[in-house]
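As provided, entry_12.cif (mmCIF, C-alpha atoms) reads as follows.
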```
data_data
#
loop_
_atom_site.label_atom_id
_atom_site.label_comp_id
_atom_site.auth_asym_id
_atom_site.auth_seq_id
_atom_site.Cartn_x
_atom_site.Cartn_y
_atom_site.Cartn_z
CA MET A 575 -108.52 34.67 -40.31
CA LYS A 576 -108.22 31.18 -41.57
CA ARG A 577 -109.07 32.33 -45.06
CA SER A 578 -106.75 35.23 -44.98
CA SER A 579 -103.84 32.99 -44.00
CA ASN A 580 -104.71 30.90 -47.01
CA TYR A 581 -104.61 33.67 -49.59
CA LEU A 582 -101.51 35.19 -48.04
CA GLY A 583 -99.87 31.83 -48.69
CA PHE A 584 -101.29 31.97 -52.22
CA TYR A 585 -99.31 35.15 -52.94
CA ALA A 586 -96.29 34.31 -50.80
CA ALA A 587 -95.41 31.15 -52.71
CA PRO A 588 -94.64 32.74 -56.15
CA ALA A 589 -93.04 35.76 -54.45
CA LEU A 590 -90.66 33.46 -52.54
CA MET A 591 -90.11 31.45 -55.69
CA GLY A 592 -89.15 34.60 -57.59
CA LEU A 593 -86.84 35.75 -54.82
CA SER A 594 -85.07 32.40 -54.61
CA MET A 595 -84.72 32.36 -58.40
CA ALA A 596 -83.31 35.87 -58.33
CA CYS A 597 -80.77 34.84 -55.65
CA ALA A 598 -79.76 31.81 -57.65
CA THR A 599 -79.07 33.59 -60.97
CA ILE A 600 -77.14 36.79 -60.41
CA PRO A 601 -76.99 38.70 -63.74
CA PRO A 602 -73.54 38.39 -65.38
CA ALA A 603 -73.37 42.19 -65.70
CA LEU A 604 -73.59 42.56 -61.90
CA GLU A 605 -71.08 39.78 -61.42
CA GLN A 606 -68.67 41.56 -63.80
CA ALA A 607 -69.20 44.91 -62.06
CA ARG A 608 -68.42 43.33 -58.66
CA GLN A 609 -65.24 41.76 -60.02
CA ASN A 610 -64.11 45.00 -61.64
CA TYR A 611 -64.73 46.91 -58.46
CA GLN A 612 -62.91 44.34 -56.30
CA GLN A 613 -59.88 44.38 -58.62
CA MET A 614 -59.82 48.15 -58.45
CA GLN A 615 -59.99 48.01 -54.65
CA GLN A 616 -57.00 45.68 -54.53
CA ASP A 617 -54.91 48.39 -56.21
CA PRO A 618 -53.75 50.60 -53.31
CA GLN A 619 -52.73 53.32 -55.80
CA VAL A 620 -56.38 53.91 -56.78
CA ALA A 621 -57.60 54.33 -53.20
CA ALA A 622 -54.67 56.61 -52.40
CA ARG A 623 -54.64 58.75 -55.53
CA ALA A 624 -58.31 58.79 -56.58
CA PRO A 625 -60.40 58.64 -53.39
CA VAL A 626 -63.39 60.56 -54.83
CA ALA A 627 -63.57 58.50 -58.03
CA SER A 628 -63.21 55.31 -55.92
CA TYR A 629 -66.07 56.45 -53.73
CA GLU A 630 -68.22 57.15 -56.77
CA ALA A 631 -67.47 53.66 -58.14
CA ASN A 632 -68.44 52.24 -54.76
CA GLN A 633 -71.72 54.18 -54.79
CA ALA A 634 -72.45 52.99 -58.31
CA LEU A 635 -71.92 49.37 -57.30
CA ARG A 636 -74.15 49.83 -54.23
CA ARG A 637 -76.94 51.25 -56.39
CA THR A 638 -76.54 48.27 -58.71
CA GLU A 639 -76.74 45.81 -55.80
CA GLN A 640 -79.76 47.65 -54.36
CA ALA A 641 -81.55 47.63 -57.70
CA TRP A 642 -80.94 43.91 -58.02
CA GLU A 643 -82.13 43.23 -54.45
CA GLN A 644 -85.17 45.52 -54.65
CA THR A 645 -86.48 45.32 -58.20
CA SER A 646 -84.66 42.48 -59.94
CA ASP A 647 -85.09 44.63 -63.05
CA GLU A 648 -82.37 43.13 -65.22
CA ASP A 649 -82.25 46.03 -67.68
CA GLU A 650 -81.81 48.50 -64.84
CA VAL A 651 -79.17 46.25 -63.18
CA LYS A 652 -77.36 45.94 -66.50
CA HIS A 653 -77.49 49.71 -66.92
CA LEU A 654 -76.26 50.37 -63.38
CA ALA A 655 -73.52 47.73 -63.80
CA TYR A 656 -72.38 49.59 -66.92
CA LEU A 657 -72.21 52.82 -64.91
CA THR A 658 -70.22 50.97 -62.20
CA ASN A 659 -67.71 49.64 -64.73
CA ARG A 660 -67.26 53.11 -66.19
CA ARG A 661 -66.81 54.60 -62.72
CA VAL A 662 -64.15 51.94 -61.96
CA GLU A 663 -62.35 52.84 -65.18
CA ILE A 664 -62.56 56.55 -64.37
CA ALA A 665 -61.06 55.86 -60.92
CA ARG A 666 -58.19 53.89 -62.49
CA GLU A 667 -57.49 56.61 -65.07
CA THR A 668 -57.63 59.31 -62.42
CA ALA A 669 -55.18 57.34 -60.24
CA GLN A 670 -52.84 56.95 -63.22
CA GLN A 671 -53.13 60.65 -63.97
CA LYS A 672 -52.27 61.57 -60.38
CA ALA A 673 -49.36 59.11 -60.35
CA ALA A 674 -48.00 60.61 -63.59
CA GLU A 675 -48.43 64.11 -62.17
CA ALA A 676 -46.60 63.13 -58.98
CA GLU A 677 -43.81 61.62 -61.07
CA ALA A 678 -43.65 64.79 -63.17
CA GLN A 679 -43.37 66.84 -59.99
CA GLN A 680 -40.53 64.62 -58.79
CA LEU A 681 -38.83 64.85 -62.19
CA LYS A 682 -39.10 68.63 -62.12
CA LEU A 683 -37.42 68.71 -58.72
CA GLU A 684 -34.69 66.41 -59.98
CA ARG A 685 -34.22 68.54 -63.06
CA GLU A 686 -33.86 71.61 -60.85
CA LYS A 687 -31.33 69.72 -58.78
CA VAL A 688 -29.33 68.64 -61.83
CA LEU A 689 -29.47 72.17 -63.25
CA LEU A 690 -28.33 73.59 -59.95
CA GLU A 691 -25.53 71.04 -59.69
CA THR A 692 -24.45 71.76 -63.24
CA ARG A 693 -24.46 75.49 -62.61
CA THR A 694 -22.64 75.06 -59.30
CA ARG A 695 -20.06 72.85 -60.97
CA GLU A 696 -19.63 75.31 -63.82
CA ALA A 697 -19.28 78.19 -61.40
CA GLU A 698 -16.80 76.16 -59.37
CA ARG A 699 -14.82 75.34 -62.48
CA ALA A 700 -14.85 78.98 -63.59
CA LYS A 701 -13.72 80.00 -60.12
CA GLN A 702 -10.93 77.45 -60.14
CA LEU A 703 -9.90 78.57 -63.59
CA ALA A 704 -9.88 82.19 -62.47
CA GLU A 705 -7.94 81.28 -59.36
CA SER A 706 -5.38 79.27 -61.24
CA ARG A 707 -5.00 82.11 -63.74
CA ALA A 708 -4.64 84.57 -60.90
CA ARG A 709 -2.02 82.28 -59.36
CA GLU A 710 -0.19 82.06 -62.66
CA VAL A 711 -0.26 85.82 -63.01
CA GLN A 712 0.95 86.16 -59.43
CA ILE A 713 3.77 83.68 -60.01
CA ALA A 714 4.75 85.42 -63.22
CA GLN A 715 4.70 88.73 -61.38
CA GLN A 716 6.80 87.33 -58.56
CA GLU A 717 9.22 85.87 -61.06
CA ALA A 718 9.43 89.18 -62.89
CA GLU A 719 9.99 90.97 -59.61
CA ALA A 720 12.64 88.46 -58.60
CA ARG A 721 14.34 88.87 -61.95
CA ALA A 722 14.15 92.64 -61.61
CA ARG A 723 15.61 92.42 -58.12
CA GLU A 724 18.33 90.08 -59.33
CA SER A 725 19.27 92.31 -62.21
CA GLN A 726 19.20 95.32 -59.89
CA GLU A 727 21.37 93.45 -57.43
CA ALA A 728 23.71 92.38 -60.19
CA GLN A 729 23.83 95.93 -61.45
CA ARG A 730 24.45 97.21 -57.97
CA LYS A 731 27.16 94.59 -57.44
CA ALA A 732 28.68 95.39 -60.77
CA LEU A 733 28.60 99.07 -59.93
CA ALA A 734 30.02 98.37 -56.48
CA ALA A 735 32.68 96.15 -57.99
CA THR A 736 33.46 98.79 -60.55
CA ASP A 737 33.54 101.37 -57.78
CA ARG A 738 35.75 99.17 -55.65
CA ALA A 739 37.98 98.34 -58.56
CA ALA A 740 38.15 102.00 -59.50
CA GLU A 741 38.85 102.93 -55.90
CA LEU A 742 41.57 100.30 -55.60
CA GLU A 743 43.05 101.33 -58.89
CA LYS A 744 43.09 104.90 -57.67
CA ARG A 745 44.73 103.89 -54.43
CA PHE A 746 47.22 101.71 -56.19
CA ALA A 747 47.97 104.50 -58.55
CA GLU A 748 48.54 106.75 -55.54
CA LEU A 749 50.88 104.11 -54.13
CA LYS A 750 52.52 103.88 -57.55
CA ALA A 751 51.86 100.16 -57.43
CA LYS A 752 52.17 98.00 -60.54
CA GLN A 753 49.94 95.06 -61.23
CA THR A 754 51.92 91.85 -61.70
CA ASP A 755 51.19 88.13 -61.58
CA ARG A 756 51.85 88.13 -57.85
CA GLY A 757 49.50 91.02 -57.09
CA PHE A 758 50.06 94.72 -56.84
CA GLU A 759 53.70 95.38 -56.45
CA LEU A 760 54.94 98.50 -54.80
CA THR A 761 58.61 99.24 -54.94
CA LEU A 762 60.13 101.43 -52.33
CA SER A 763 63.68 102.36 -53.34
CA ASP A 764 66.54 103.08 -50.99
CA VAL A 765 65.08 106.29 -49.76
CA LEU A 766 64.01 104.23 -46.73
CA PHE A 767 67.41 103.09 -45.66
CA GLU A 768 70.98 104.47 -45.48
CA PHE A 769 73.68 102.34 -47.06
CA ASP A 770 74.27 99.22 -44.93
CA LYS A 771 71.68 100.33 -42.35
CA THR A 772 68.54 98.52 -41.20
CA THR A 773 66.75 101.36 -39.49
CA LEU A 774 64.27 103.46 -41.37
CA LYS A 775 65.28 106.92 -42.41
CA ALA A 776 63.54 109.79 -40.67
CA GLY A 777 61.55 110.68 -43.82
CA SER A 778 60.35 107.12 -44.36
CA ALA A 779 57.23 107.56 -42.28
CA ARG A 780 55.71 109.74 -44.98
CA SER A 781 56.51 107.17 -47.66
CA LEU A 782 54.94 104.40 -45.59
CA ALA A 783 51.95 106.46 -44.46
CA LYS A 784 50.04 105.73 -47.70
CA ILE A 785 50.43 101.98 -47.46
CA THR A 786 49.52 102.08 -43.77
CA GLU A 787 46.35 103.99 -44.58
CA PHE A 788 45.56 101.59 -47.40
CA LEU A 789 45.92 98.58 -45.09
CA ARG A 790 43.67 100.22 -42.49
CA GLU A 791 40.98 100.87 -45.08
CA ASN A 792 41.22 97.39 -46.60
CA PRO A 793 41.50 95.07 -43.59
CA GLN A 794 41.07 91.95 -45.76
CA ARG A 795 44.26 92.69 -47.65
CA GLN A 796 47.53 91.03 -46.76
CA ILE A 797 50.98 92.03 -47.78
CA THR A 798 54.32 90.45 -48.32
CA ILE A 799 57.32 92.65 -47.68
CA GLU A 800 60.41 91.62 -49.62
CA GLY A 801 63.81 93.11 -49.03
CA TYR A 802 66.48 93.23 -51.75
CA THR A 803 70.07 94.47 -51.88
CA ASP A 804 72.75 95.25 -54.48
CA ASN A 805 75.65 92.89 -55.01
CA VAL A 806 78.05 94.75 -52.73
CA GLY A 807 79.02 92.47 -49.87
CA SER A 808 78.64 88.71 -49.32
CA ASP A 809 75.51 86.86 -50.28
CA THR A 810 74.80 85.74 -46.71
CA TYR A 811 75.29 89.20 -45.36
CA ASN A 812 73.03 90.72 -47.99
CA LEU A 813 70.38 88.06 -47.32
CA GLU A 814 70.36 88.91 -43.61
CA LEU A 815 70.45 92.63 -44.34
CA SER A 816 67.46 92.40 -46.66
CA GLN A 817 65.60 90.26 -44.09
CA ARG A 818 66.13 92.81 -41.37
CA ARG A 819 65.12 95.65 -43.64
CA ALA A 820 61.87 93.87 -44.52
CA GLU A 821 61.25 93.26 -40.81
CA ALA A 822 61.94 96.90 -40.06
CA VAL A 823 59.19 97.90 -42.46
CA ARG A 824 56.91 95.28 -40.90
CA ASP A 825 57.62 96.59 -37.41
CA PHE A 826 56.81 100.10 -38.52
CA LEU A 827 53.46 98.95 -39.87
CA VAL A 828 52.68 96.94 -36.72
CA GLN A 829 53.53 100.01 -34.63
CA ASN A 830 51.00 101.89 -36.75
CA GLY A 831 48.19 99.48 -35.88
CA ILE A 832 48.38 96.85 -38.64
CA SER A 833 48.07 93.27 -37.41
CA ALA A 834 51.28 91.27 -37.72
CA ASP A 835 49.20 88.33 -39.02
CA ARG A 836 48.60 90.22 -42.24
CA ILE A 837 52.24 90.82 -42.94
CA THR A 838 54.90 88.45 -44.21
CA ALA A 839 58.44 89.81 -44.23
CA ARG A 840 61.33 88.10 -45.96
CA GLY A 841 64.78 88.98 -47.26
CA LEU A 842 65.85 87.89 -50.69
CA GLY A 843 69.35 89.40 -50.72
CA GLU A 844 71.10 90.33 -53.91
CA GLU A 845 69.16 87.90 -56.11
CA TYR A 846 66.58 89.28 -58.52
CA PRO A 847 68.22 92.57 -59.41
CA VAL A 848 65.97 94.95 -61.31
CA ALA A 849 68.90 96.90 -62.79
CA SER A 850 72.62 96.45 -63.47
CA ASN A 851 74.90 96.38 -60.46
CA GLU A 852 77.70 97.83 -62.61
CA THR A 853 76.58 101.44 -62.05
CA GLU A 854 75.70 103.31 -58.92
CA ALA A 855 72.27 104.19 -60.39
CA GLY A 856 71.58 100.52 -61.06
CA ARG A 857 72.72 99.45 -57.61
CA GLN A 858 70.52 102.09 -56.08
CA GLN A 859 67.52 100.60 -57.93
CA ASN A 860 68.43 97.15 -56.73
CA ARG A 861 68.54 98.25 -53.07
CA ARG A 862 64.84 98.20 -52.53
CA VAL A 863 61.87 96.96 -50.56
CA GLN A 864 58.93 95.60 -52.49
CA ILE A 865 55.48 95.34 -50.99
CA ILE A 866 53.11 92.89 -52.66
CA ILE A 867 49.47 93.41 -51.90
CA VAL A 868 47.19 90.37 -52.13
CA ASP A 869 43.61 89.74 -50.89
CA GLU A 870 42.74 87.73 -47.79
CA LYS A 871 43.08 84.46 -49.71
CA GLY A 872 46.48 85.44 -50.96
CA ARG A 873 45.17 86.10 -54.45
CA ALA A 874 46.62 88.84 -56.60
CA GLY A 875 44.46 91.93 -56.99
CA MET B 309 -119.08 33.21 -56.17
CA HIS B 310 -118.88 36.71 -54.95
CA THR B 311 -118.78 35.48 -51.39
CA LYS B 312 -115.98 33.00 -51.98
CA TYR B 313 -113.27 35.72 -51.96
CA GLY B 314 -113.57 38.77 -49.71
CA PHE B 315 -112.86 42.41 -50.45
CA SER B 316 -109.25 42.16 -49.34
CA PHE B 317 -108.54 39.45 -51.92
CA TRP B 318 -109.21 41.91 -54.76
CA LEU B 319 -107.73 44.86 -52.99
CA ILE B 320 -104.07 43.84 -53.38
CA PRO B 321 -104.03 43.27 -57.18
CA PHE B 322 -106.15 46.42 -57.62
CA VAL B 323 -103.69 48.57 -55.67
CA LEU B 324 -100.79 46.97 -57.51
CA ALA B 325 -102.46 47.69 -60.85
CA ILE B 326 -103.10 51.31 -59.91
CA LEU B 327 -99.54 51.67 -58.70
CA GLY B 328 -98.25 50.08 -61.88
CA VAL B 329 -100.18 52.44 -64.13
CA THR B 330 -99.48 55.56 -62.13
CA GLY B 331 -95.87 54.35 -61.65
CA CYS B 332 -95.39 54.39 -65.40
CA SER B 333 -97.19 57.58 -65.90
CA THR B 334 -95.28 59.31 -63.04
CA VAL B 335 -91.85 58.71 -64.73
CA ALA B 336 -90.87 62.30 -65.39
CA PRO B 337 -88.75 63.33 -68.41
CA PRO B 338 -85.11 63.10 -67.14
CA LYS B 339 -84.30 66.67 -68.04
CA ASP B 340 -81.61 67.03 -65.36
CA ARG B 341 -79.82 63.86 -66.58
CA MET B 342 -79.99 65.12 -70.16
CA ALA B 343 -78.55 68.46 -69.17
CA ALA B 344 -75.80 66.82 -67.09
CA ALA B 345 -74.83 64.53 -69.97
CA GLU B 346 -74.84 67.46 -72.42
CA LEU B 347 -72.58 69.44 -70.11
CA ALA B 348 -70.22 66.49 -69.54
CA LEU B 349 -69.91 65.98 -73.30
CA GLN B 350 -69.16 69.66 -73.85
CA GLU B 351 -66.49 69.55 -71.14
CA ALA B 352 -64.97 66.42 -72.65
CA ASN B 353 -64.90 68.03 -76.10
CA LYS B 354 -63.07 71.02 -74.66
CA SER B 355 -60.43 68.74 -73.08
CA LYS B 356 -57.85 66.66 -74.94
CA ALA B 357 -60.37 63.82 -75.19
CA PRO B 358 -60.95 64.27 -78.98
CA GLN B 359 -57.20 63.58 -79.35
CA TYR B 360 -56.56 60.90 -76.72
CA ALA B 361 -60.00 59.20 -76.14
CA PRO B 362 -61.99 59.53 -79.37
CA LEU B 363 -63.83 56.21 -78.93
CA GLU B 364 -65.33 57.02 -75.52
CA LEU B 365 -66.23 60.48 -76.76
CA ARG B 366 -67.96 59.07 -79.78
CA MET B 367 -69.91 56.62 -77.61
CA ALA B 368 -71.01 59.47 -75.34
CA ALA B 369 -72.16 61.56 -78.30
CA ASP B 370 -74.07 58.64 -79.86
CA LYS B 371 -75.77 57.81 -76.57
CA LEU B 372 -76.77 61.40 -76.01
CA ASP B 373 -78.30 61.47 -79.50
CA GLU B 374 -80.17 58.27 -78.73
CA ALA B 375 -81.31 59.71 -75.42
CA LYS B 376 -82.72 62.74 -77.26
CA ARG B 377 -84.62 60.51 -79.64
CA ALA B 378 -85.98 58.51 -76.67
CA MET B 379 -87.08 61.80 -75.08
CA ASN B 380 -88.99 62.69 -78.22
CA LYS B 381 -90.69 59.31 -78.10
CA GLU B 382 -91.40 59.88 -74.39
CA GLU B 383 -89.42 56.74 -73.53
CA TYR B 384 -88.16 58.36 -70.41
CA ILE B 385 -86.60 55.35 -68.69
CA LEU B 386 -84.52 54.60 -71.79
CA ALA B 387 -83.71 58.28 -72.13
CA ARG B 388 -82.51 58.42 -68.52
CA ARG B 389 -80.32 55.35 -68.88
CA LEU B 390 -78.81 56.60 -72.14
CA ALA B 391 -78.17 60.03 -70.66
CA GLU B 392 -76.52 58.51 -67.58
CA GLU B 393 -74.33 56.29 -69.74
CA ALA B 394 -73.45 59.19 -72.03
CA LEU B 395 -72.37 61.12 -68.92
CA VAL B 396 -70.00 58.42 -67.62
CA ASP B 397 -68.66 57.82 -71.15
CA ALA B 398 -67.88 61.53 -71.50
CA GLN B 399 -66.29 61.63 -68.06
CA LEU B 400 -64.22 58.54 -68.81
CA ALA B 401 -63.07 60.14 -72.09
CA GLU B 402 -61.96 63.19 -70.14
CA ALA B 403 -60.23 61.13 -67.43
CA LYS B 404 -58.42 59.03 -70.04
CA ALA B 405 -57.29 62.13 -71.89
CA ALA B 406 -56.09 63.76 -68.68
CA SER B 407 -54.12 60.69 -67.61
CA GLU B 408 -52.62 60.28 -71.09
CA ASP B 409 -51.66 63.95 -71.06
CA ALA B 410 -50.02 63.60 -67.63
CA ARG B 411 -48.15 60.45 -68.72
CA ARG B 412 -46.82 62.22 -71.81
CA ALA B 413 -45.74 65.21 -69.77
CA ALA B 414 -43.92 62.91 -67.33
CA SER B 415 -42.31 61.05 -70.21
CA ASP B 416 -41.11 64.32 -71.78
CA LEU B 417 -39.69 65.40 -68.44
CA ARG B 418 -37.96 62.04 -68.03
CA GLN B 419 -36.33 62.43 -71.43
CA SER B 420 -35.25 66.00 -70.84
CA LEU B 421 -33.83 65.03 -67.44
CA GLU B 422 -31.95 62.16 -69.08
CA THR B 423 -30.52 64.53 -71.69
CA LEU B 424 -29.60 67.03 -69.03
CA ARG B 425 -27.85 64.34 -66.96
CA ARG B 426 -25.92 63.12 -70.01
CA GLU B 427 -24.87 66.67 -70.83
CA ALA B 428 -23.87 67.35 -67.24
CA GLU B 429 -21.86 64.13 -67.17
CA ARG B 430 -20.20 64.96 -70.49
CA SER B 431 -19.34 68.49 -69.46
CA SER B 432 -17.98 67.31 -66.10
CA ARG B 433 -15.84 64.76 -67.91
CA GLY B 434 -14.86 67.19 -70.63
CA GLY B 435 -13.55 69.54 -67.95
#
```

Would you give me this structure, written as structure tokens?
Amino acid sequence: MKRSSNYLGFYAAPALMGLSMACATIPPALEQARQNYQQMQQDPQVAARAPVASYEANQALRRTEQAWEQTSDEDEVKHLAYLTNRRVEIARETAQQKAAEAEAQQLKLEREKVLLETRTREAERAKQLAESRAREVQIAQQEAEARARESQEAQRKALAATDRAAELEKRFAELKAKQTDRGFELTLSDVLFEFDKTTLKAGSARSLAKITEFLRENPQRQITIEGYTDNVGSDTYNLELSQRRAEAVRDFLVQNGISADRITARGLGEEYPVASNETEAGRQQNRRVQIIIVDEKGRAG
Amino acid sequence: MHTKYGFSFWLIPFVLAILGVTGCSTVAPPKDRMAAAELALQEANKSKAPQYAPLELRMAADKLDEAKRAMNKEEYILARRLAEEALVDAQLAEAKAASEDARRAASDLRQSLETLRREAERSSRGG
């Protein structure tokens, strides 16, 4: 036993010496592999994007460490360190590849988005263009319709005016009225009155029937009734006579349903003769009642 | 003399010597490593590695050749190491090529997106 403890010490001494030497001088290749691996580990991208390659690098480093601890075979350690370094590089490259692929994926999505936005915008613009064109067409149509309506209306008015004018003309013609500056003038000669009388003759109703009818049909029309005489008798007398004759005609019309507001009656006596008072025929023409037809505003026509 | 050291004194170096000899002689030809390296190199050659990582590829090929020569000389430990190194070189070549390829693809996409954005901006301004 004593001997055996001796020779065990004989072998243990160089073995311990070798071990302590090995611990003291770590091969630079192993040192480099450790550093490379640690740097790789500090990059969170590598762990996240290349977990398998990282694991393989870790395994390679562990085999290197084990070889160094167990055999101290420097060639083998150097070889395993080389493998570790390569595995670290592979992990880095793989992480970069995955990062680039992720970026490409993101870029593709963004491109789709931009394309979609562009298409949407183009469609929107086309729609707006179409809508504005449709609006323009609609406005043009409406304008055309309005113009057509206006021209129709104008035509209708013109026709109506023509009709009215024609109608009036016809009526005036029936009344034997003449158009003058003052309006339509209608002269009723002395058939209405006896000499020096102010009451209407029995047959006058027929003569006045047409003007009565006209006034009923054209309620906006107003009339002025003017009485005239010949030069027989005094001026004052003739003035009063003509006034009363005009009023007699007015009263007849009022009795026949024409508003008194529409009628002005005045006597103008022997002034304004239309013929010579030298002859009986002329005097007869001068003894007259004139009816002037104006519109509601007193205008001629 | 022969009684000075007992049987057990000689036993340890003897066993170590036997182990050493048989240890060397039991190193088998690393056929699996050779095959793996060969396969890795073929894969790398099929990838874009010849274009993007020619140096690593060349190193892998050279090491595989060396490994084959070592095999012929029955230097199996050397052959194994060379084959293992050829394998990681080939794999690194492939990884480098793949990452370069992905970076280029991303860069192309970035440019096309930029162009698209400029066009979209121009057309939206142009009205």

| said: If I take CA of Glu402 in chain B and CA of Glu605 in chain A, how far is one from the other in Å, to one decimal? | reply: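 Here the two named atoms are 26.6 Å from each other.
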
Quiz item: Once the PyMOL selection byres ((chain B) within 10 of (chain A)) has been applied to the shown file, what residues remain in the selection, as JSON, numbers by chain?
Solution: {"B": [312, 313, 314, 316, 317, 320, 385, 386, 389, 390, 392, 393, 394, 395, 396, 397, 398, 399, 400, 401, 402, 403, 404, 405, 406, 407, 408, 409, 410, 411, 412, 413, 414, 415, 416, 417, 418, 419, 420, 421, 422, 424, 425, 427, 428, 429, 431, 432, 435]}

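Minimum distance to Pro337 in chain B across B:Arg430, B:Thr423, B:Ala387, B:Pro362 (counting only C-alpha atoms) occurs at B:Ala387.
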
Here CA of Ala820 in chain A and CA of Ile865 in chain A stand apart by 9.2 Å

Protein, DNA and RNA residues within 6 Å of (52.5, 89.5, -47.5), only C-alpha atoms, as a list of chain:residue names: A:Gln796, A:Ile797, A:Thr798, A:Ile799, A:Ile837, A:Thr838

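You can rank A:Val806, A:Ala634, A:Val868, A:Val823 by their closest distance to Glu852 in chain A using all atoms listed in the file, and at the top of that list sits A:Val806.
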
Residue IDs satisfying the PyMOL selection byres ((chain B and resi 376) around 12), as a count of residues only | 31

**Asked** Near Leu762 in chain A, counting only C-alpha atoms, which residues have an atom at most 6 Å away, once you skip same-chain residues fewer than 5 positions from it, shown as an NGL selection string?
**Response** :A and (862-864)

For the residues selected in the previous step, produce a file with C-alpha atoms as a compact mmCIF listing (two decimals), in the coordinates of the input.
```
# COMPACT_ATOMS: atom_id res chain seq x y z
CA ARG A 862 64.84 98.20 -52.53
CA VAL A 863 61.87 96.96 -50.56
CA GLN A 864 58.93 95.60 -52.49
```
